[in-house]
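Asks: Just one file: model33.cif, with mmCIF, C-alpha atoms.
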```cif
data_structure
loop_
_atom_site.group_PDB
_atom_site.id
_atom_site.type_symbol
_atom_site.label_atom_id
_atom_site.label_comp_id
_atom_site.auth_asym_id
_atom_site.auth_seq_id
_atom_site.Cartn_x
_atom_site.Cartn_y
_atom_site.Cartn_z
ATOM 1 C CA MET M 1 45.758 25.379 9.039
ATOM 2 C CA ASN M 2 47.493 23.040 11.466
ATOM 3 C CA ARG M 3 45.935 19.781 10.320
ATOM 4 C CA PRO M 4 47.184 16.738 8.399
ATOM 5 C CA PRO M 5 46.647 17.134 4.655
ATOM 6 C CA LYS M 6 43.477 15.451 3.444
ATOM 7 C CA ALA M 7 41.586 15.814 0.157
ATOM 8 C CA TYR M 8 37.833 15.347 -0.294
ATOM 9 C CA PHE M 9 36.054 14.549 -3.574
ATOM 10 C CA VAL M 10 32.336 14.738 -4.356
ATOM 11 C CA ALA M 11 30.130 14.993 -7.449
ATOM 12 C CA ASP M 12 26.516 15.122 -8.586
ATOM 13 C CA LEU M 13 24.909 16.931 -5.670
ATOM 14 C CA HIS M 14 22.300 18.365 -8.090
ATOM 15 C CA LEU M 15 21.299 21.108 -5.678
ATOM 16 C CA GLY M 16 18.088 22.820 -6.759
ATOM 17 C CA ALA M 17 16.835 19.963 -8.920
ATOM 18 C CA ALA M 18 13.077 20.026 -9.491
ATOM 19 C CA TYR M 19 12.818 16.264 -9.019
ATOM 20 C CA ILE M 20 14.174 16.344 -5.428
ATOM 21 C CA ALA M 21 11.240 16.131 -3.014
ATOM 22 C CA ASP M 22 12.605 18.542 -0.373
ATOM 23 C CA PRO M 23 15.219 20.872 -1.896
ATOM 24 C CA ARG M 24 15.785 22.743 1.382
ATOM 25 C CA GLU M 25 16.525 19.573 3.349
ATOM 26 C CA HIS M 26 18.722 18.372 0.492
ATOM 27 C CA GLU M 27 20.809 21.557 0.689
ATOM 28 C CA LEU M 28 20.964 21.342 4.483
ATOM 29 C CA ARG M 29 22.237 17.757 4.272
ATOM 30 C CA VAL M 30 25.043 18.865 1.976
ATOM 31 C CA VAL M 31 25.848 21.743 4.338
ATOM 32 C CA ARG M 32 25.946 19.337 7.308
ATOM 33 C CA TRP M 33 28.465 17.208 5.426
ATOM 34 C CA LEU M 34 30.605 20.244 4.649
ATOM 35 C CA GLU M 35 30.452 21.474 8.255
ATOM 36 C CA GLU M 36 30.817 18.126 10.054
ATOM 37 C CA GLU M 37 33.135 16.163 7.746
ATOM 38 C CA VAL M 38 34.946 18.551 5.421
ATOM 39 C CA ARG M 39 35.533 21.713 7.425
ATOM 40 C CA PRO M 40 37.309 20.075 10.407
ATOM 41 C CA ASN M 41 39.481 17.776 8.292
ATOM 42 C CA ALA M 42 40.007 18.951 4.708
ATOM 43 C CA THR M 43 42.904 20.825 3.235
ATOM 44 C CA GLN M 44 41.524 20.397 -0.310
ATOM 45 C CA LEU M 45 38.006 19.949 -1.682
ATOM 46 C CA PHE M 46 37.315 18.837 -5.261
ATOM 47 C CA LEU M 47 33.775 19.288 -6.611
ATOM 48 C CA LEU M 48 33.546 17.151 -9.748
ATOM 49 C CA GLY M 49 30.575 18.686 -11.481
ATOM 50 C CA ASP M 50 26.778 18.759 -11.434
ATOM 51 C CA VAL M 51 27.035 20.293 -7.998
ATOM 52 C CA LEU M 52 24.132 22.548 -8.990
ATOM 53 C CA ASP M 53 21.359 21.179 -11.159
ATOM 54 C CA PHE M 54 21.416 24.428 -13.110
ATOM 55 C CA TRP M 55 23.469 27.602 -12.901
ATOM 56 C CA TRP M 56 23.653 30.622 -15.138
ATOM 57 C CA GLU M 57 25.538 33.826 -14.409
ATOM 58 C CA TYR M 58 24.259 36.946 -16.101
ATOM 59 C CA ARG M 59 26.695 39.828 -16.200
ATOM 60 C CA THR M 60 25.314 41.483 -13.052
ATOM 61 C CA VAL M 61 22.800 38.905 -11.745
ATOM 62 C CA VAL M 62 23.131 35.389 -10.328
ATOM 63 C CA PRO M 63 20.344 32.852 -9.690
ATOM 64 C CA ARG M 64 18.351 32.850 -6.483
ATOM 65 C CA GLY M 65 19.024 30.096 -3.960
ATOM 66 C CA PHE M 66 21.932 28.013 -2.621
ATOM 67 C CA THR M 67 22.642 30.644 0.065
ATOM 68 C CA ARG M 68 23.611 28.213 2.818
ATOM 69 C CA PHE M 69 25.671 26.038 0.490
ATOM 70 C CA LEU M 70 27.605 28.892 -1.095
ATOM 71 C CA GLY M 71 28.090 30.559 2.278
ATOM 72 C CA THR M 72 29.571 27.346 3.647
ATOM 73 C CA LEU M 73 31.951 27.101 0.689
ATOM 74 C CA ALA M 74 33.020 30.693 1.376
ATOM 75 C CA ARG M 75 33.752 29.843 5.021
ATOM 76 C CA LEU M 76 35.767 26.820 3.927
ATOM 77 C CA ALA M 77 37.810 28.926 1.521
ATOM 78 C CA ASP M 78 38.330 31.623 4.151
ATOM 79 C CA SER M 79 39.621 28.984 6.583
ATOM 80 C CA GLY M 80 42.269 27.903 4.080
ATOM 81 C CA VAL M 81 40.659 24.942 2.294
ATOM 82 C CA GLU M 82 41.632 24.917 -1.382
ATOM 83 C CA ILE M 83 38.457 24.415 -3.423
ATOM 84 C CA THR M 84 38.434 23.253 -7.036
ATOM 85 C CA TRP M 85 35.166 23.006 -9.000
ATOM 86 C CA LEU M 86 35.214 21.015 -12.235
ATOM 87 C CA LYS M 87 32.251 21.908 -14.413
ATOM 88 C CA GLY M 88 29.672 19.231 -15.182
ATOM 89 C CA ASN M 89 26.995 19.139 -17.835
ATOM 90 C CA HIS M 90 24.473 20.771 -15.470
ATOM 91 C CA ASP M 91 26.683 23.541 -14.041
ATOM 92 C CA ILE M 92 28.569 24.208 -17.254
ATOM 93 C CA TRP M 93 27.853 27.952 -17.144
ATOM 94 C CA LEU M 94 30.038 28.819 -14.181
ATOM 95 C CA PHE M 95 31.930 31.905 -15.230
ATOM 96 C CA ASP M 96 33.724 34.258 -12.822
ATOM 97 C CA TYR M 97 31.262 34.995 -9.999
ATOM 98 C CA LEU M 98 32.028 32.078 -7.683
ATOM 99 C CA ARG M 99 35.694 32.115 -8.635
ATOM 100 C CA SER M 100 36.073 35.764 -7.642
ATOM 101 C CA GLU M 101 33.615 35.863 -4.713
ATOM 102 C CA ILE M 102 34.639 32.642 -2.979
ATOM 103 C CA GLY M 103 38.196 32.258 -4.244
ATOM 104 C CA MET M 104 38.005 28.823 -5.838
ATOM 105 C CA ARG M 105 39.424 27.348 -9.025
ATOM 106 C CA VAL M 106 36.901 26.615 -11.771
ATOM 107 C CA ILE M 107 37.992 24.045 -14.369
ATOM 108 C CA ASP M 108 36.235 23.327 -17.668
ATOM 109 C CA GLY M 109 37.256 19.824 -18.735
ATOM 110 C CA ALA M 110 39.814 17.425 -17.327
ATOM 111 C CA LEU M 111 42.330 18.226 -14.620
ATOM 112 C CA GLU M 112 45.605 16.410 -13.971
ATOM 113 C CA GLN M 113 47.118 17.259 -10.619
ATOM 114 C CA THR M 114 49.488 15.814 -8.066
ATOM 115 C CA ILE M 115 47.739 15.436 -4.704
ATOM 116 C CA LEU M 116 49.759 14.348 -1.670
ATOM 117 C CA GLY M 117 52.361 12.669 -3.851
ATOM 118 C CA SER M 118 50.006 10.810 -6.219
ATOM 119 C CA ARG M 119 49.001 11.811 -9.729
ATOM 120 C CA PHE M 120 45.269 12.291 -10.343
ATOM 121 C CA PHE M 121 43.237 12.554 -13.558
ATOM 122 C CA MET M 122 39.846 14.098 -12.773
ATOM 123 C CA GLU M 123 36.873 14.863 -15.001
ATOM 124 C CA HIS M 124 33.150 15.112 -14.390
ATOM 125 C CA GLY M 125 32.696 12.159 -16.735
ATOM 126 C CA ASP M 126 30.555 13.649 -19.488
ATOM 127 C CA GLY M 127 33.577 14.533 -21.603
ATOM 128 C CA VAL M 128 35.406 11.199 -21.729
ATOM 129 C CA GLY M 129 34.736 7.891 -23.381
ATOM 130 C CA ARG M 130 32.593 7.225 -26.444
ATOM 131 C CA LEU M 131 29.747 9.735 -26.276
ATOM 132 C CA PRO M 132 26.617 9.661 -28.450
ATOM 133 C CA ARG M 133 26.774 12.126 -31.310
ATOM 134 C CA SER M 134 23.695 13.999 -30.040
ATOM 135 C CA PHE M 135 25.324 14.477 -26.643
ATOM 136 C CA ARG M 136 28.579 15.717 -28.200
ATOM 137 C CA MET M 137 26.594 18.243 -30.230
ATOM 138 C CA LEU M 138 24.811 19.505 -27.115
ATOM 139 C CA ARG M 139 28.126 19.903 -25.260
ATOM 140 C CA ALA M 140 29.504 21.928 -28.146
ATOM 141 C CA LEU M 141 26.358 24.063 -28.392
ATOM 142 C CA PHE M 142 26.370 24.868 -24.683
ATOM 143 C CA ARG M 143 29.966 26.094 -24.942
ATOM 144 C CA TRP M 144 29.382 28.122 -28.116
ATOM 145 C CA ARG M 145 29.629 31.828 -27.270
ATOM 146 C CA PRO M 146 26.909 33.032 -29.701
ATOM 147 C CA ALA M 147 24.468 30.529 -28.184
ATOM 148 C CA GLN M 148 25.407 31.697 -24.689
ATOM 149 C CA ARG M 149 24.786 35.320 -25.668
ATOM 150 C CA LEU M 150 21.380 34.439 -27.096
ATOM 151 C CA PHE M 151 20.439 32.527 -23.953
ATOM 152 C CA ALA M 152 21.568 35.423 -21.755
ATOM 153 C CA ALA M 153 19.324 37.806 -23.711
ATOM 154 C CA VAL M 154 16.191 35.925 -22.603
ATOM 155 C CA HIS M 155 14.551 36.938 -19.301
ATOM 156 C CA PRO M 156 15.474 34.622 -16.377
ATOM 157 C CA ARG M 157 11.820 33.840 -15.662
ATOM 158 C CA TRP M 158 11.835 31.846 -18.896
ATOM 159 C CA THR M 159 15.366 30.459 -18.990
ATOM 160 C CA LEU M 160 15.444 29.116 -15.422
ATOM 161 C CA GLY M 161 12.087 27.381 -15.754
ATOM 162 C CA LEU M 162 13.081 25.872 -19.074
ATOM 163 C CA ALA M 163 16.402 24.603 -17.725
ATOM 164 C CA HIS M 164 14.860 22.911 -14.673
ATOM 165 C CA ALA M 165 12.089 21.347 -16.750
ATOM 166 C CA TRP M 166 14.659 19.979 -19.200
ATOM 167 C CA SER M 167 16.722 18.569 -16.340
ATOM 168 C CA ALA M 168 13.695 16.840 -14.795
ATOM 169 C CA ARG M 169 12.695 15.355 -18.143
ATOM 170 C CA SER M 170 16.245 14.126 -18.740
ATOM 171 C CA ARG M 171 16.321 12.553 -15.285
ATOM 172 C CA ARG M 172 13.051 10.702 -15.902
ATOM 173 C CA ARG M 173 14.366 9.341 -19.194
ATOM 174 C CA GLY M 174 17.794 8.452 -17.808
ATOM 175 C CA GLY M 175 19.645 11.074 -19.870
ATOM 176 C CA TYR M 176 22.184 9.802 -22.390
ATOM 177 C CA LEU M 177 23.097 7.071 -19.903
ATOM 178 C CA GLY M 178 20.044 5.076 -20.917
ATOM 179 C CA ASP M 179 17.675 3.186 -18.662
ATOM 180 C CA ALA M 180 18.482 3.676 -14.976
ATOM 181 C CA ARG M 181 17.885 -0.056 -14.541
ATOM 182 C CA GLN M 182 21.075 -0.843 -16.475
ATOM 183 C CA ASP M 183 23.566 -2.688 -14.321
ATOM 184 C CA ASP M 184 26.653 -0.913 -13.039
ATOM 185 C CA THR M 185 28.980 -2.685 -15.463
ATOM 186 C CA ALA M 186 27.179 -1.279 -18.513
ATOM 187 C CA VAL M 187 26.966 2.244 -17.120
ATOM 188 C CA LEU M 188 30.605 2.340 -16.002
ATOM 189 C CA ALA M 189 31.964 0.780 -19.210
ATOM 190 C CA PRO M 190 32.662 4.070 -21.105
ATOM 191 C CA LEU M 191 34.624 5.506 -18.163
ATOM 192 C CA GLU M 192 36.594 2.318 -17.652
ATOM 193 C CA SER M 193 37.329 2.031 -21.369
ATOM 194 C CA PHE M 194 38.661 5.599 -21.437
ATOM 195 C CA ALA M 195 40.815 5.061 -18.344
ATOM 196 C CA ARG M 196 42.231 1.808 -19.698
ATOM 197 C CA SER M 197 43.104 3.450 -23.039
ATOM 198 C CA PHE M 198 44.649 6.496 -21.358
ATOM 199 C CA GLU M 199 46.702 4.278 -19.058
ATOM 200 C CA ALA M 200 47.894 2.106 -21.953
ATOM 201 C CA GLU M 201 48.991 5.174 -23.932
ATOM 202 C CA ASN M 202 50.536 6.904 -20.901
ATOM 203 C CA PRO M 203 52.082 4.203 -18.668
ATOM 204 C CA HIS M 204 52.624 5.204 -15.028
ATOM 205 C CA ARG M 205 51.379 8.751 -15.668
ATOM 206 C CA VAL M 206 48.260 8.512 -13.483
ATOM 207 C CA ASP M 207 47.717 6.837 -10.106
ATOM 208 C CA TYR M 208 44.003 7.657 -9.794
ATOM 209 C CA PHE M 209 41.229 8.366 -12.285
ATOM 210 C CA VAL M 210 38.278 10.090 -10.591
ATOM 211 C CA PHE M 211 34.879 10.617 -12.250
ATOM 212 C CA GLY M 212 31.287 11.478 -11.422
ATOM 213 C CA HIS M 213 28.347 11.876 -13.791
ATOM 214 C CA VAL M 214 26.988 8.319 -13.926
ATOM 215 C CA HIS M 215 25.459 8.326 -10.407
ATOM 216 C CA ARG M 216 27.189 5.060 -9.536
ATOM 217 C CA THR M 217 30.037 4.242 -7.177
ATOM 218 C CA ALA M 218 33.066 2.196 -8.185
ATOM 219 C CA SER M 219 36.587 1.491 -7.024
ATOM 220 C CA LEU M 220 38.596 -0.781 -9.273
ATOM 221 C CA THR M 221 42.177 -1.454 -10.295
ATOM 222 C CA LEU M 222 43.131 -1.058 -13.949
ATOM 223 C CA PRO M 223 45.585 -3.373 -15.760
ATOM 224 C CA GLY M 224 48.453 -0.907 -15.394
ATOM 225 C CA GLY M 225 47.945 -0.516 -11.664
ATOM 226 C CA ALA M 226 46.026 2.779 -11.525
ATOM 227 C CA ARG M 227 42.772 2.992 -9.591
ATOM 228 C CA MET M 228 39.496 4.245 -11.027
ATOM 229 C CA ILE M 229 37.123 5.854 -8.530
ATOM 230 C CA VAL M 230 33.555 6.845 -9.440
ATOM 231 C CA LEU M 231 31.964 9.073 -6.828
ATOM 232 C CA GLY M 232 28.255 8.210 -6.894
ATOM 233 C CA ASP M 233 25.678 10.937 -6.221
ATOM 234 C CA TRP M 234 23.692 12.826 -3.579
ATOM 235 C CA ILE M 235 20.254 11.919 -4.884
ATOM 236 C CA GLU M 236 20.252 8.326 -3.643
ATOM 237 C CA ARG M 237 23.748 7.400 -2.418
ATOM 238 C CA PHE M 238 25.194 10.436 -0.534
ATOM 239 C CA THR M 239 28.746 9.285 -1.239
ATOM 240 C CA TYR M 240 32.137 10.958 -1.374
ATOM 241 C CA ALA M 241 35.816 10.017 -1.370
ATOM 242 C CA THR M 242 38.851 10.990 0.675
ATOM 243 C CA PHE M 243 42.593 10.744 0.132
ATOM 244 C CA GLU M 244 45.291 11.187 2.766
ATOM 245 C CA GLY M 245 48.307 10.145 0.714
ATOM 246 C CA THR M 246 48.144 6.367 0.779
ATOM 247 C CA GLU M 247 44.732 5.094 -0.340
ATOM 248 C CA MET M 248 41.595 6.680 -1.766
ATOM 249 C CA ARG M 249 38.460 5.635 0.117
ATOM 250 C CA LEU M 250 34.736 5.895 -0.662
ATOM 251 C CA HIS M 251 32.347 6.838 2.156
ATOM 252 C CA THR M 252 28.626 7.364 2.695
ATOM 253 C CA PHE M 253 27.415 10.363 4.687
ATOM 254 C CA GLN M 254 24.799 9.302 7.218
ATOM 255 C CA GLY M 255 23.917 12.725 8.608
#
```
Could you show the structure in this file as C-alpha cells?
Replies:
Amino acid sequence: MNRPPKAYFVADLHLGAAYIADPREHELRVVRWLEEEVRPNATQLFLLGDVLDFWWEYRTVVPRGFTRFLGTLARLADSGVEITWLKGNHDIWLFDYLRSEIGMRVIDGALEQTILGSRFFMEHGDGVGRLPRSFRMLRALFRWRPAQRLFAAVHPRWTLGLAHAWSARSRRRGGYLGDARQDDTAVLAPLESFARSFEAENPHRVDYFVFGHVHRTASLTLPGGARMIVLGDWIERFTYATFEGTEMRLHTFQG
C-alpha cells in the first residue's frame, strides 16, 4: 500500500448484542466506519476486545451473522491492512477460524508492541487492575479447557441463547463495573492504577497504555510521562483512536 502509516484502535463494538435496538443498522454503522475511515487510511487496525457480544467456534461450525462486518475485515486484510484482535471478555472464545480465514493476529491477554516508533501496552481492560474475586474466577473458568469442551457439547440453540441472555442481564446490572451512573473517575480508577504501577516498575518502557472494556473515553498523562487512552464504546459513544507517529487522538464517528 502506498499510503502514510497510520494505526487505528477500537473496542467494545458489541456486535450482535440483544440489548441493541437495531442490530443490522449497528453492524452497518461499523462497516461504514471501516469502509470510509479505516480502509482508505489505515496500515494497521487494532480491535481491543468485545468486538462481538458473543462468539463461539465449534470445530466445524461458526455462529450465524456478522457477514458484512467479517467480509469487510477480510477486504481490509486482503488490501494489506495488518489486523490484530485482542480478545475481550465477550469474544474470549476466538480460536483459529478468523485467524486462518481472514489472516489476522488473535491475542489472548496483553500485547506490547512498537507502533510507528512508540511503545504500546494494549489490553482489553478486563485482565488488569484489581478485579473482584468472582470476576477472576469467571475469567479462569471461561479459559479452562474442560469447561470449554463441556460447553461445546451442548447444542448451539441452547448455548447461543444462554450467552446473549447473560450478556443482556449483565449489561442491565452494569456488569462487574457497578452502577453505570458511577462517574468516570471511579470507573477508570482500576485501569489508571494499573498503568501507574506498571510505569513506576518499568520506567520509560511504555509510551501509550490503551484499554477498552469500561465503555468510557479518556486521554491522560501519567506521572512518568506515558499516556493512557481508553477507547469508549460503540453502544453510545462511537469512538476510536488513531496514531500516526506523533500523537494518539480520540475521534467520534458521525456516519
Asks: Give the answer as one residue: which of M:Asn89, M:Thr185, M:Thr246, M:Thr114 has the shortest atom-to-atom distance to M:Asp53, using all atoms listed in the file?
Replies: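 For M:Asp53, the nearest of the given residues is M:Asn89.
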Asks: When you look at stretch 5-18 of chain M with a cut-off of 8 Å (counting all atoms listed in the file), what residues show up, excluding the ones that are within fewer than 6 positions of it in the same chain? I need them as an NGL selection string.
Replies: :M and (26-27 or 30 or 38 or 41-54 or 65-66 or 115-116 or 124 or 164-165 or 167-168 or 212-213 or 215 or 231-235 or 239-245)
Asks: What does the file look like for those residues with C-alpha atoms, as a short mmCIF file (atom, residue, chain, number, x, y, z; two decimals), in the frame of the given file?
Replies:
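In the end it all went to out.cif:
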```cif
data_model
loop_
_atom_site.label_atom_id
_atom_site.label_comp_id
_atom_site.auth_asym_id
_atom_site.auth_seq_id
_atom_site.Cartn_x
_atom_site.Cartn_y
_atom_site.Cartn_z
CA HIS M 26 18.72 18.37 0.49
CA GLU M 27 20.81 21.56 0.69
CA VAL M 30 25.04 18.86 1.98
CA VAL M 38 34.95 18.55 5.42
CA ASN M 41 39.48 17.78 8.29
CA ALA M 42 40.01 18.95 4.71
CA THR M 43 42.90 20.82 3.24
CA GLN M 44 41.52 20.40 -0.31
CA LEU M 45 38.01 19.95 -1.68
CA PHE M 46 37.32 18.84 -5.26
CA LEU M 47 33.78 19.29 -6.61
CA LEU M 48 33.55 17.15 -9.75
CA GLY M 49 30.58 18.69 -11.48
CA ASP M 50 26.78 18.76 -11.43
CA VAL M 51 27.04 20.29 -8.00
CA LEU M 52 24.13 22.55 -8.99
CA ASP M 53 21.36 21.18 -11.16
CA PHE M 54 21.42 24.43 -13.11
CA GLY M 65 19.02 30.10 -3.96
CA PHE M 66 21.93 28.01 -2.62
CA ILE M 115 47.74 15.44 -4.70
CA LEU M 116 49.76 14.35 -1.67
CA HIS M 124 33.15 15.11 -14.39
CA HIS M 164 14.86 22.91 -14.67
CA ALA M 165 12.09 21.35 -16.75
CA SER M 167 16.72 18.57 -16.34
CA ALA M 168 13.70 16.84 -14.80
CA GLY M 212 31.29 11.48 -11.42
CA HIS M 213 28.35 11.88 -13.79
CA HIS M 215 25.46 8.33 -10.41
CA LEU M 231 31.96 9.07 -6.83
CA GLY M 232 28.26 8.21 -6.89
CA ASP M 233 25.68 10.94 -6.22
CA TRP M 234 23.69 12.83 -3.58
CA ILE M 235 20.25 11.92 -4.88
CA THR M 239 28.75 9.28 -1.24
CA TYR M 240 32.14 10.96 -1.37
CA ALA M 241 35.82 10.02 -1.37
CA THR M 242 38.85 10.99 0.68
CA PHE M 243 42.59 10.74 0.13
CA GLU M 244 45.29 11.19 2.77
CA GLY M 245 48.31 10.14 0.71
#
```
Asks: By how many Å are atom CA of M:Val61 and atom CA of M:Ser100 apart?
Replies: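 Value for the atom CA of M:Val61-atom CA of M:Ser100 distance: 14.2 Å.
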Asks: Using only C-alpha atoms, which residues sit within 8 Å of M:Thr72 once same-chain residues fewer than 3 positions away are excluded, as a list in words?
Replies: Val31, Leu34, Glu35, Arg68, Phe69, Arg75 and Leu76 of chain M
Asks: Write a file of the just-selected residues containing C-alpha atoms, as a short mmCIF file (atom, residue, chain, number, x, y, z; two decimals), keeping the file's coordinate frame.
Replies:
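Written out: again-v7.cif:
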```cif
data_model
loop_
_atom_site.label_atom_id
_atom_site.label_comp_id
_atom_site.auth_asym_id
_atom_site.auth_seq_id
_atom_site.Cartn_x
_atom_site.Cartn_y
_atom_site.Cartn_z
CA VAL M 31 25.85 21.74 4.34
CA LEU M 34 30.60 20.24 4.65
CA GLU M 35 30.45 21.47 8.26
CA ARG M 68 23.61 28.21 2.82
CA PHE M 69 25.67 26.04 0.49
CA ARG M 75 33.75 29.84 5.02
CA LEU M 76 35.77 26.82 3.93
#
```
Asks: Counting only C-alpha atoms, which residue out of M:Asp108, M:Tyr208, M:Arg227, M:Val214 sits closest to M:Asp91?
Replies: M:Asp108
Asks: In file coordinates, which residues lie within 7 Å of (26.3, 7.8, 2.2) using all atoms listed in the file, given as a list in words?
Replies: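 Residues with an atom at most 7 Å from (26.3, 7.8, 2.2): Arg237, Phe238, Thr239, His251, Thr252, Phe253 and Gln254 of chain M.
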Asks: Carefully work through the PyMOL selection byres ((chain M and resi 122) around 9) for this structure and note down the residues it includes, as a ChimeraX atom specification.
Replies: /M:48,86,109-113,120-121,123-125,208-211
Asks: Could you tell me how far atom CA of M:Leu28 lies from atom CA of M:Asp96, in Å and to one decimal?
Replies: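 Distance reported for this atom pair: 25.1 Å.
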Asks: How far is it from atom CA of M:Thr60 to atom CA of M:Leu98, in Å with one decimal?
Replies: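 If I compute the distance from atom CA of M:Thr60 to atom CA of M:Leu98, I get 12.7 Å.
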Asks: For the PyMOL selection byres ((chain M and resi 205) around 10), applied here, can you spell out every residue it catches as a ChimeraX atom specification?
Replies: /M:112,118-121,198-204,206-208,226
